[in-house]
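K.L.:
After the structure tokens below, expect a handful of questions from me.
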Amino acid sequence: MVDVDRDDAETPEGTGAPANLLLRMEGIVKHFPGAKALDGVDLDVLPGEVHCLLGQNGAGKSTLIKVLSGAHQPTSGRILLDDAEIAIPHPVAALNHGIATIYQELDVVDGLTVAENIYLGHELDRGGFTQRRAATRRARDLLRRLGHPEISPHTEVGQLSAAGKQIVSMARALSHDARVIVMDEPSAVLDSGEVENLFRVVEGLTAQGVAVVYISHRLEEIRRIGDRITVLKDGRTVGRNLAVAATPTKELIKLMTGRTVEFAFPERPGVPDDAPVVLEVSDLALGSTFSDVSLEVRAGEIVGLAGLVGSGRSEILETIYGARRATSGHVRVGGRALRPGSVPAAVAANIGLAPEERKSQGLLLDEPVFKNITLSTFARTAKGGWLDERAERRAASEQAVALDLRPPQVGRAIRTLSGGNQQKALLARWLVHGCEVLLLDEPTRGVDVGARSEIYALVRSLADAGTAVVVVSSEIPEVLGLADQVLVVSEGQVVHRGPAQDIDEHAVLDLVMEGSAA
Amino acid sequence: GCTSNEPPEEENTAPAPVAAEGNDEPGEDVVIGFSAPAADHGWMGAITQTAVDTAEQYPDVTLRQAEATNDVNVQISHIEQFINDEVDAIVLLPFDGAALTEVATKAMEAGIPVINVDREFSSPFAARATILGDNYGMGVSAGTYICEQLGDNPDAVVAEIQGIEALPLTQDRSQGFADALADCGLDVDAQVAADFTIQGGETATSNLLQAEPQIDAIWNHDDDQGVGVLAAIENAGRDEFFMVGGAGSLDVMEHIQAGDTPLEATVIYPSTQAADGIKMARLVVQNKNMGDLVSAGVPRTTQLYAPVVTADNVEEYLPIGFES
Amino acid sequence: MSGTTAAPPADAPSDAPRRSGWLSGPAVRNLGLVIALALICVAGVITGGERFADIDNVLTILRLASVTGVLAIGMTFVITSGGIDLSVGSVLGLTTVWATTVATQTMAEDIHWVLMVFTALVVGTAAGLVNGALIAYGRVVPFIATLAMLAAARGLAEMISDRQTQQVDVAGFTDFFRADWIGVPVLVWIFALVSVAGWVLLNRTTFGRRTVAIGGNEEASRLAGIKVKRHTLYLYGLAGLAAGIGGVMMLGRTTAGTSTNGVLYELDVIAAVVVGGTLLVGGRGTIVGTVLGVLIFNTLNNIFVINNMSTSAQNVAKGLIIVVAVLIQQRFANRSRST
Amino acid sequence: MSGTTAAPPADAPSDAPRRSGWLSGPAVRNLGLVIALALICVAGVITGGERFADIDNVLTILRLASVTGVLAIGMTFVITSGGIDLSVGSVLGLTTVWATTVATQTMAEDIHWVLMVFTALVVGTAAGLVNGALIAYGRVVPFIATLAMLAAARGLAEMISDRQTQQVDVAGFTDFFRADWIGVPVLVWIFALVSVAGWVLLNRTTFGRRTVAIGGNEEASRLAGIKVKRHTLYLYGLAGLAAGIGGVMMLGRTTAGTSTNGVLYELDVIAAVVVGGTLLVGGRGTIVGTVLGVLIFNTLNNIFVINNMSTSAQNVAKGLIIVVAVLIQQRFANRSRST
Ligand SMILES: Nc1ncnc2c1ncn2[C@@H]1O[C@H](COP(=O)(O)OP(=O)(O)OP(=O)(O)O)[C@@H](O)[C@H]1O
Ligand SMILES: Nc1ncnc2c1ncn2[C@@H]1O[C@H](COP(=O)(O)OP(=O)(O)OP(=O)(O)O)[C@@H](O)[C@H]1O
Ligand SMILES: [Mg+2]
Ligand SMILES: [Mg+2]
């Protein structure tokens, strides 16, 4: 172990180059027009290990694994498998070499069933005719292995939640009999129970000698299952083959960010009793998805919704926001009842929603960052229908700096930003808007440690400034750490409510399990 | 207008110089711009073909051919191009006479004589000379023939297969047909529209035959779509009626001659009108007289004759049948 | 450990509403179409009586539906994959012209009429492959590539035929395609066969699954290892083949090869496919829906003629009925899936 | 509190590669089109010489381009929003018929010819709004809704006109639209005006931004508070208005109102828009590209006539040239944006 400063050019080495390398990537460089995503990255993977890839948003992790999976062609560099150099000109080649990938962006086809998605590209067929029975059977086995026997192979994937889709992606990777499985932030959309499932699967794979390359921004996960770590920063390897056990978290963060981050949730100043109730939801219900949801959020208060994936938390937020029409109940903002089922009414009442699935619900991928940031405000900035792009850019740039967007040029297409940075841009939209009520659905999904604490601080400072915030997160510690009040949701019912300090993670888990067992 | 009935023999598919001596002698060079609707069926194809062939006959004629189009907007621009090019004469078969009147007038004002073919302009100042088929007369001829055959049976079922219903010429034909039938106490019992295409004829006729279990006579406006009409009749195995065609394609005349189909007759609608137009344009530019006429200059209006071809006289008309 | 195994979480829709192939989700979607078609038929019986509800009339409708029907089956694949083929009608015209050239007919006369069929199929497939190559490898958007083919094929057909209608003189050919089998015209049999083959191909083969996948999410399909370009090539080849089959059937129907065959079929065919419920953006295709769409349009035409309606009135009525049919179909489609 | 505030981000937001509107990304994309058009013009000069490179000829091209051009501007909005309007040509026909009914013309004669213009614009907009309402509130897919309108408007036009061509007798009207201003025909001025207005509307107003946003991601736009349905209604109304303007121009050019006006314009117009670089899936639209697309098609047509090409050869050539133009344009489009 080498102790490093932020100025140290040397790459820290953990263990030396081991003898039985399975996969090696050497000096990988990848240029995009106008951006250098990778600038000489090395990666060594041993059979049967969980090799973690760490780095800030935009460090180049996804790009690296896309080079490995054949989705991108490297500008230069070599890839060796079993000490022999291989070429990966397209995804099929990677699969043929036994390298399977779970991508960061959900890569399933909505119109096909679960089984069809799992065997997409390597369908089980005889003479071109699909063997549906065999595929169903084997898909069911895979899903069981992943701890999800309840997902039917016949379900159309479009009907599944984000988590369900992630599980289908994993099942597809497993179906390939791969020697290396790359997982790009697989846990981002999973709740804690499902993460446990995932770990079990990973352990099962490594026991068979399969190597897993694991990307996550949740360092505690890496502690749990990781063997060795490679750290990327700005497209370079800044730490290679670090043993997990021997590397303190602080050290990792310093490597990734080049600085020290004191990771902590911001303090709760406490909401004064006389703070006005800004958001008032009474007996809200949406068909069979949820019912009897009542909550009050006062100015300066953060209310967290905890629960399992699929418990209906997103729907609660979307219904408050008017994106879905409630079957009964009321929403009041500042005492005034909101027209149900109308997003424009909500936006006019200064409610903002950062949706859960940023690509499909949040972003105009081909548009520049600033237009994405000002999507809800451009009409306000405009004078009599005439756009004021300069003002838009100014406002967007301010937030880009405040949120440490990388790269901070607001003129480039948001498609070219890394996943975490896209998430930040989405948050920036509502910051520019200046909401009285902010509904955040998984606000830190895919966001790196550094930015994550910034987002926490930001949400808290917004609250301090009088905003009422509702946060949904699948990470229970996040809800507990950030919120003043916690509501535990299970199967569309609020099963608990109370101050965040009065409950801990285990208690929440017990509650939701109970609820879903009932 | 005044009608001159020219013997159809004068217009051959392979036109030989039959006009008055001297007219075919090479004169000053003439550049003729020619524009017609899309040659999307045989009759229109024959119009263009005979025009081109006729022009090629004369060493002193250069033909400028505009893209055949059914878009009056485009056709107008073609005439504008001809005016820009300062051609000597324009032979124009407008997709819609009224719509091209304006630009034709412009050409005339620019000193370019316009020969209007088949579909009449709405202003007498738009053309130096006009050659017309007789759409109304066609309907009358067809109706009269059917009256002759069925006049004694007031309950006879008469069906009509139109071309493109929305065209004024179709309306004229149908009007003539109805008027002639009314004369002998008959009426049109079923009317369908095809679209001048074979597939359209087949489709419309299949449905028609289905809708009318018993028919005595059919008039089909257009021999091109007639190929499809006959195919449908054969498919349906029906033969209780007789059929009259329209336009006068070679194929139909051969059927009439052979008597192997319900086709008994067809009404000629000359496909050589544009060829006449070319000849007239040349004469106008070269300041010559028309054929045997004594009066000076090319006549302003010529309406062509629409005879009925039957097994009795088909020999006579075979040479001018156009290949659909 | 995970608690989600205990009770099925809500995000795993139960298997309950699944029935075997025909009757599942898509079938419910098709139910709306069936109802629309039924209503149209009721209107036919009311206004046409015996003349409509007659076996011969039904066969007439089917026979007329068969050519566009076959094209629509090919088009269903292309549209399901997220593409479009505007050239089908024009390619159909080209195949009828090519199959009836003097050279082809002489050869067919000497050897066997199947040669004419073969020619048409080869020409159609070749044109389709050119489309596919432009789209897959030249990266020209389908709309433009096939629009270019629409113009080019029509022009080529006119040049080859010299704008003359070429009559089919090979007796074996016309005899075959005009015949009935067990009281049903050969053309209808072909349509039925192509439909069934299309259904199997779309729903029961790897090719079909990949077609849906590409239409649903092209990038994901590529990442999953599907050779998207090659598949796209095949898809347009398939649509071209369908146009070739349609050309042969057209020849059987009209016994005339001409460049005007198939004019404006593209719109009819696409309309039938889309009314049938295949999504224009790709990712969902239904052969049964397409067949129903084709039947709806052809039945309407038939009823219009039976009622002696003018083309103008037909147009207005057709516009209204299309909208109503789609609204009915949507009522059901929406019911069959969640918000 | 977080301790991250210490180190400011190394790279301040530098917007370096940004240049003003016209010269940035879209302009590079249009460069390919400009080159294609230039090549076509070179071909025109080589083959046509004086006859092509003549101010009168250029005006002829522009005059021809102006009607479809105006329709194409309206269509650009619809396509940018991810929709399509197949009814523009047929609505154009309807507006010309309605504006020339005896009633309208009598009134126009008595009051002012602007009444005819007004009638056409109102009829066009109304038809467009019906499209929009069906699509936005009836949730009928645009292809089907506007296909239905195509049929219905055509039928209606035939009924109103009783299939007769209606001549414009209002002298003021024809005089106005036949005139030149500063040597440039009024029709061309209108086209120019509509283009500039379209450019401003698309690129400089909230309306345009919303249009692009809806085409790029409808759900995201909805969640950002954009009234997607109402905007969709307006968009089709706008396309209808453009059809109305096109109808007035058509009347000015032909002085004849007939239901056959505008037949098949939809394909020409969509082709011009798509060749111009507007994405059929929505989310990207370019007015400059559309204008270039319209000019390319019309210049081609002009050159064909100058060269006395047969229609068949023209079709084949047109097919080839479309493909080549798109390939050229793509070379540049791809260079202008990242993988
Ligand atoms: N198609 C592209 N064009 C241009 N630049 C790109 C493109 N794809 C990625 N980049 C850039 O490459 C860099 C690395 O991105 P990458 O997605 O690999 O980051 P990451 O480490 O996976 O981040 P995250 O944790 O947020 O997912 C970023 O700066 C990104 O903006
Ligand atoms: N498109 C859909 N079709 C059918 N059911 C759906 C759909 N989307 C969501 N659901 C159902 O709605 C319920 C809530 O789903 P959702 O995943 O949004 O909840 P959540 O608590 O927000 O979970 P997550 O942590 O994934 O955000 C589940 O029963 C899910 O199956
Ligand atoms: Mg990433
Ligand atoms: Mg959710």
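Chain labels A, B, ... are given in the sequence in which chains occur in the structure tokens; within each chain residues are numbered consecutively from 1, and ligands are likewise numbered from 1 in the order shown.
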Got a sec to check which residues lie within 8 Å of ligand 1, using only C-alpha atoms and all ligand atoms, and send them as a PyMOL selection string?
P.N.:
(chain A and resi 31-38+54-64+104+184-185+216-217+232+234-235+406-407+415-422+446-448) or (chain D and resi 338-339)
K.L.:
Matching each Cα of chain C to its counterpart in chain D by order, what RMSD results from the least-squares fit?
P.N.:
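Here the RMSD amounts to 1.9 Å.
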K.L.:
Find, counting only C-alpha atoms, the residue in C:Val273, C:Ala152, C:Leu187, C:Leu94 that gets nearest to chain D.
P.N.:
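Counting only C-alpha atoms, the residue closest to chain D is C:Ala152.
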K.L.:
Select, from D:Met249, D:Met75, D:Leu241, D:Leu33, the residue with the minimum atom-to-atom distance to chain B, counting only C-alpha atoms.
P.N.:
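Comparing D:Met249, D:Met75, D:Leu241, D:Leu33 against chain B, the winner is D:Met249.
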K.L.:
Which residues come within 10 Å of B:Ala258, counting only C-alpha atoms, excluding same-chain residues fewer than 6 positions away, as a list in words?
P.N.:
Val252, Glu264 and Ala311 of chain B
K.L.:
Could you tell me how far atom 19 (O, counted along the ligand's line) of ligand 2 lies from atom CA of A:Ser311, in Å and to one decimal?
P.N.:
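Taking atom 19 (O, counted along the ligand's line) of ligand 2 as the start and atom CA of A:Ser311 as the end point, the length is 4.7 Å.
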K.L.:
Atom CA of A:Val347 and atom CA of D:Ile226 are how many Å apart?
P.N.:
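Interatomic distance here is 9.1 Å.
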K.L.:
So which residues touch A:Ala354 within 7 Å, counting only C-alpha atoms, skipping near sequence neighbours fewer than 5 positions away, as number ranges by chain?
P.N.:
A: 426-427, 439-441
K.L.:
For the residues in the current selection, export N, CA, C and O atoms as a PDB file, in the first residue's frame.
P.N.:
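Dumped to selection10.pdb:
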```pdb
ATOM      1  N   LEU A 426     -30.916  16.833 -13.770  1.00  0.00           N
ATOM      2  CA  LEU A 426     -32.344  16.732 -13.525  1.00  0.00           C
ATOM      3  C   LEU A 426     -32.728  17.467 -12.235  1.00  0.00           C
ATOM      4  O   LEU A 426     -33.744  18.164 -12.170  1.00  0.00           O
ATOM      5  N   LEU A 427     -31.891  17.313 -11.227  1.00  0.00           N
ATOM      6  CA  LEU A 427     -32.133  18.037  -9.986  1.00  0.00           C
ATOM      7  C   LEU A 427     -32.036  19.535 -10.218  1.00  0.00           C
ATOM      8  O   LEU A 427     -32.821  20.321  -9.685  1.00  0.00           O
ATOM      9  N   LEU A 439     -40.510  17.098  -4.888  1.00  0.00           N
ATOM     10  CA  LEU A 439     -40.704  15.664  -4.746  1.00  0.00           C
ATOM     11  C   LEU A 439     -39.525  14.976  -5.415  1.00  0.00           C
ATOM     12  O   LEU A 439     -39.304  15.145  -6.619  1.00  0.00           O
ATOM     13  N   LEU A 440     -38.760  14.235  -4.650  1.00  0.00           N
ATOM     14  CA  LEU A 440     -37.550  13.627  -5.201  1.00  0.00           C
ATOM     15  C   LEU A 440     -37.686  12.111  -5.182  1.00  0.00           C
ATOM     16  O   LEU A 440     -37.846  11.511  -4.117  1.00  0.00           O
ATOM     17  N   ASP A 441     -37.647  11.515  -6.343  1.00  0.00           N
ATOM     18  CA  ASP A 441     -37.744  10.062  -6.432  1.00  0.00           C
ATOM     19  C   ASP A 441     -36.353   9.519  -6.710  1.00  0.00           C
ATOM     20  O   ASP A 441     -35.816   9.695  -7.800  1.00  0.00           O
TER      21      ASP A 441
END
```
K.L.:
Given a cut-off of 10 Å, which residues of chain D touch chain C, counting only C-alpha atoms, written out as a PyMOL selection string?
P.N.:
chain D and resi 86+134+138-160+162-163+264+267-268+270-272+274-275+279-281+310-324+326-327+330
K.L.:
Dump the neighbourhood of ligand 2 as a PyMOL selection string: all residues within 9 Å, distances computed on only C-alpha atoms and all ligand atoms.
P.N.:
(chain A and resi 158-164+189-191+288-290+305-317+356-357+441-442+472-474+489-492) or (chain C and resi 9-13+337-339)
K.L.:
Report as a PyMOL selection string the set of chain B residues whose atoms approach chain C to within 10 Å, with distances computed over only C-alpha atoms.
P.N.:
chain B and resi 39-42+44-46+49+164-166+189-194+196-213+224-225+227-232+234-236+251+322-324
K.L.:
Could you turn the residues from that selection into a file that holds C-alpha atoms, as a CSV table (one decimal), in the first residue's frame?
P.N.:
```
chain,number,residue,atom,x,y,z
B,39,ALA,CA,-48.8,8.6,-68.6
B,40,ASP,CA,-50.3,6.5,-65.9
B,41,HIS,CA,-52.5,4.6,-68.3
B,42,GLY,CA,-52.5,3.4,-71.8
B,44,MET,CA,-52.5,8.8,-72.0
B,45,GLY,CA,-49.3,6.8,-72.8
B,46,ALA,CA,-50.5,6.6,-76.4
B,49,GLN,CA,-46.2,8.3,-77.8
B,164,ILE,CA,-61.7,8.7,-61.8
B,165,GLU,CA,-65.0,10.0,-60.6
B,166,ALA,CA,-63.8,13.4,-59.5
B,189,ASP,CA,-78.8,1.0,-62.2
B,190,ALA,CA,-75.3,0.7,-60.7
B,191,GLN,CA,-72.4,2.9,-61.0
B,192,VAL,CA,-68.8,2.2,-59.7
B,193,ALA,CA,-65.6,4.2,-60.2
B,194,ALA,CA,-62.3,2.7,-61.0
B,196,PHE,CA,-58.2,4.2,-65.0
B,197,THR,CA,-55.9,1.4,-63.8
B,198,ILE,CA,-56.2,-2.3,-64.5
B,199,GLN,CA,-56.2,-3.1,-60.8
B,200,GLY,CA,-58.8,-0.5,-60.1
B,201,GLY,CA,-61.0,-1.9,-62.9
B,202,GLU,CA,-60.7,-5.4,-61.6
B,203,THR,CA,-61.5,-4.4,-58.0
B,204,ALA,CA,-64.5,-2.2,-58.9
B,205,THR,CA,-65.9,-4.8,-61.3
B,206,SER,CA,-65.5,-7.7,-58.9
B,207,ASN,CA,-67.5,-5.8,-56.3
B,208,LEU,CA,-70.0,-4.6,-58.9
B,209,LEU,CA,-70.7,-8.1,-60.3
B,210,GLN,CA,-71.2,-9.2,-56.7
B,211,ALA,CA,-73.6,-6.4,-56.0
B,212,GLU,CA,-75.7,-7.0,-59.2
B,213,PRO,CA,-76.6,-10.6,-59.7
B,224,ASP,CA,-57.3,0.5,-70.1
B,225,GLN,CA,-59.1,-0.3,-67.0
B,227,VAL,CA,-58.3,-5.2,-69.1
B,228,GLY,CA,-59.1,-5.5,-65.4
B,229,VAL,CA,-62.8,-5.3,-66.0
B,230,LEU,CA,-62.6,-8.3,-68.4
B,231,ALA,CA,-60.4,-10.2,-65.9
B,232,ALA,CA,-63.0,-9.7,-63.2
B,234,GLU,CA,-63.9,-13.9,-66.4
B,235,ASN,CA,-63.1,-14.6,-62.8
B,236,ALA,CA,-66.7,-14.3,-61.9
B,251,ASP,CA,-56.7,-5.0,-77.4
B,322,PHE,CA,-53.7,2.2,-79.3
B,323,GLU,CA,-51.8,-0.3,-77.5
B,324,SER,CA,-52.8,-0.1,-73.8
```
K.L.:
Mind checking which residues fall within 12 Å of A:Leu353, counting only C-alpha atoms, ignoring those fewer than 3 positions away in the same chain, and posting them as an MDAnalysis selection string?
P.N.:
(chainID A and resid 314:323 343:344 346:347 350 356:358 361:362 376 426:431 433:443 469:472) or (chainID D and resid 220 222:225)
K.L.:
Save the residues we just selected, C-alpha atoms, as a PDB file, in the first residue's frame?
P.N.:
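again.pdb, written as the output of this step:
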```
ATOM      1  CA  SER A 314     -43.267   6.448  -6.990  1.00  0.00           C
ATOM      2  CA  GLU A 315     -46.956   6.383  -7.703  1.00  0.00           C
ATOM      3  CA  ILE A 316     -47.642   8.367  -4.549  1.00  0.00           C
ATOM      4  CA  LEU A 317     -45.267  11.078  -5.699  1.00  0.00           C
ATOM      5  CA  GLU A 318     -46.606  11.031  -9.240  1.00  0.00           C
ATOM      6  CA  THR A 319     -50.164  11.274  -8.000  1.00  0.00           C
ATOM      7  CA  ILE A 320     -49.374  14.202  -5.725  1.00  0.00           C
ATOM      8  CA  TYR A 321     -47.765  15.803  -8.735  1.00  0.00           C
ATOM      9  CA  GLY A 322     -50.827  15.262 -10.879  1.00  0.00           C
ATOM     10  CA  ALA A 323     -49.087  12.985 -13.355  1.00  0.00           C
ATOM     11  CA  VAL A 343     -49.167  18.549 -13.971  1.00  0.00           C
ATOM     12  CA  PRO A 344     -49.310  22.130 -15.221  1.00  0.00           C
ATOM     13  CA  ALA A 346     -48.795  21.442  -9.934  1.00  0.00           C
ATOM     14  CA  VAL A 347     -45.944  23.182 -11.677  1.00  0.00           C
ATOM     15  CA  ASN A 350     -44.425  25.463  -7.584  1.00  0.00           C
ATOM     16  CA  GLU A 356     -37.363   7.999 -11.008  1.00  0.00           C
ATOM     17  CA  GLU A 357     -36.413   6.934 -14.517  1.00  0.00           C
ATOM     18  CA  ARG A 358     -34.383   9.827 -15.750  1.00  0.00           C
ATOM     19  CA  GLN A 361     -39.252  10.437 -17.773  1.00  0.00           C
ATOM     20  CA  GLY A 362     -36.801  13.221 -17.389  1.00  0.00           C
ATOM     21  CA  SER A 376     -39.866  23.731 -16.694  1.00  0.00           C
ATOM     22  CA  LEU A 426     -32.344  16.732 -13.525  1.00  0.00           C
ATOM     23  CA  LEU A 427     -32.133  18.037  -9.986  1.00  0.00           C
ATOM     24  CA  ALA A 428     -30.847  21.323 -11.296  1.00  0.00           C
ATOM     25  CA  ARG A 429     -34.107  21.747 -13.211  1.00  0.00           C
ATOM     26  CA  TRP A 430     -36.080  22.147 -10.026  1.00  0.00           C
ATOM     27  CA  LEU A 431     -33.452  24.199  -8.347  1.00  0.00           C
ATOM     28  CA  HIS A 433     -37.447  26.526 -10.824  1.00  0.00           C
ATOM     29  CA  GLY A 434     -37.281  27.417  -7.160  1.00  0.00           C
ATOM     30  CA  CYS A 435     -39.967  25.111  -5.800  1.00  0.00           C
ATOM     31  CA  GLU A 436     -42.012  25.387  -2.682  1.00  0.00           C
ATOM     32  CA  VAL A 437     -42.558  21.654  -2.747  1.00  0.00           C
ATOM     33  CA  LEU A 438     -39.935  19.320  -4.117  1.00  0.00           C
ATOM     34  CA  LEU A 439     -40.704  15.664  -4.746  1.00  0.00           C
ATOM     35  CA  LEU A 440     -37.550  13.627  -5.201  1.00  0.00           C
ATOM     36  CA  ASP A 441     -37.744  10.062  -6.432  1.00  0.00           C
ATOM     37  CA  GLU A 442     -34.429   8.329  -5.889  1.00  0.00           C
ATOM     38  CA  PRO A 443     -32.455  11.573  -6.067  1.00  0.00           C
ATOM     39  CA  VAL A 469     -39.357  18.171   0.485  1.00  0.00           C
ATOM     40  CA  VAL A 470     -40.568  14.623  -0.006  1.00  0.00           C
ATOM     41  CA  VAL A 471     -37.873  12.050  -0.709  1.00  0.00           C
ATOM     42  CA  VAL A 472     -38.287   8.501  -1.913  1.00  0.00           C
TER      43      VAL A 472
ATOM     44  CA  ALA D 220     -40.496  14.223 -19.817  1.00  0.00           C
ATOM     45  CA  ARG D 222     -45.429  16.383 -19.653  1.00  0.00           C
ATOM     46  CA  LEU D 223     -43.716  15.925 -16.306  1.00  0.00           C
ATOM     47  CA  ALA D 224     -41.979  19.267 -16.733  1.00  0.00           C
ATOM     48  CA  GLY D 225     -45.360  20.923 -16.893  1.00  0.00           C
TER      49      GLY D 225
END
```
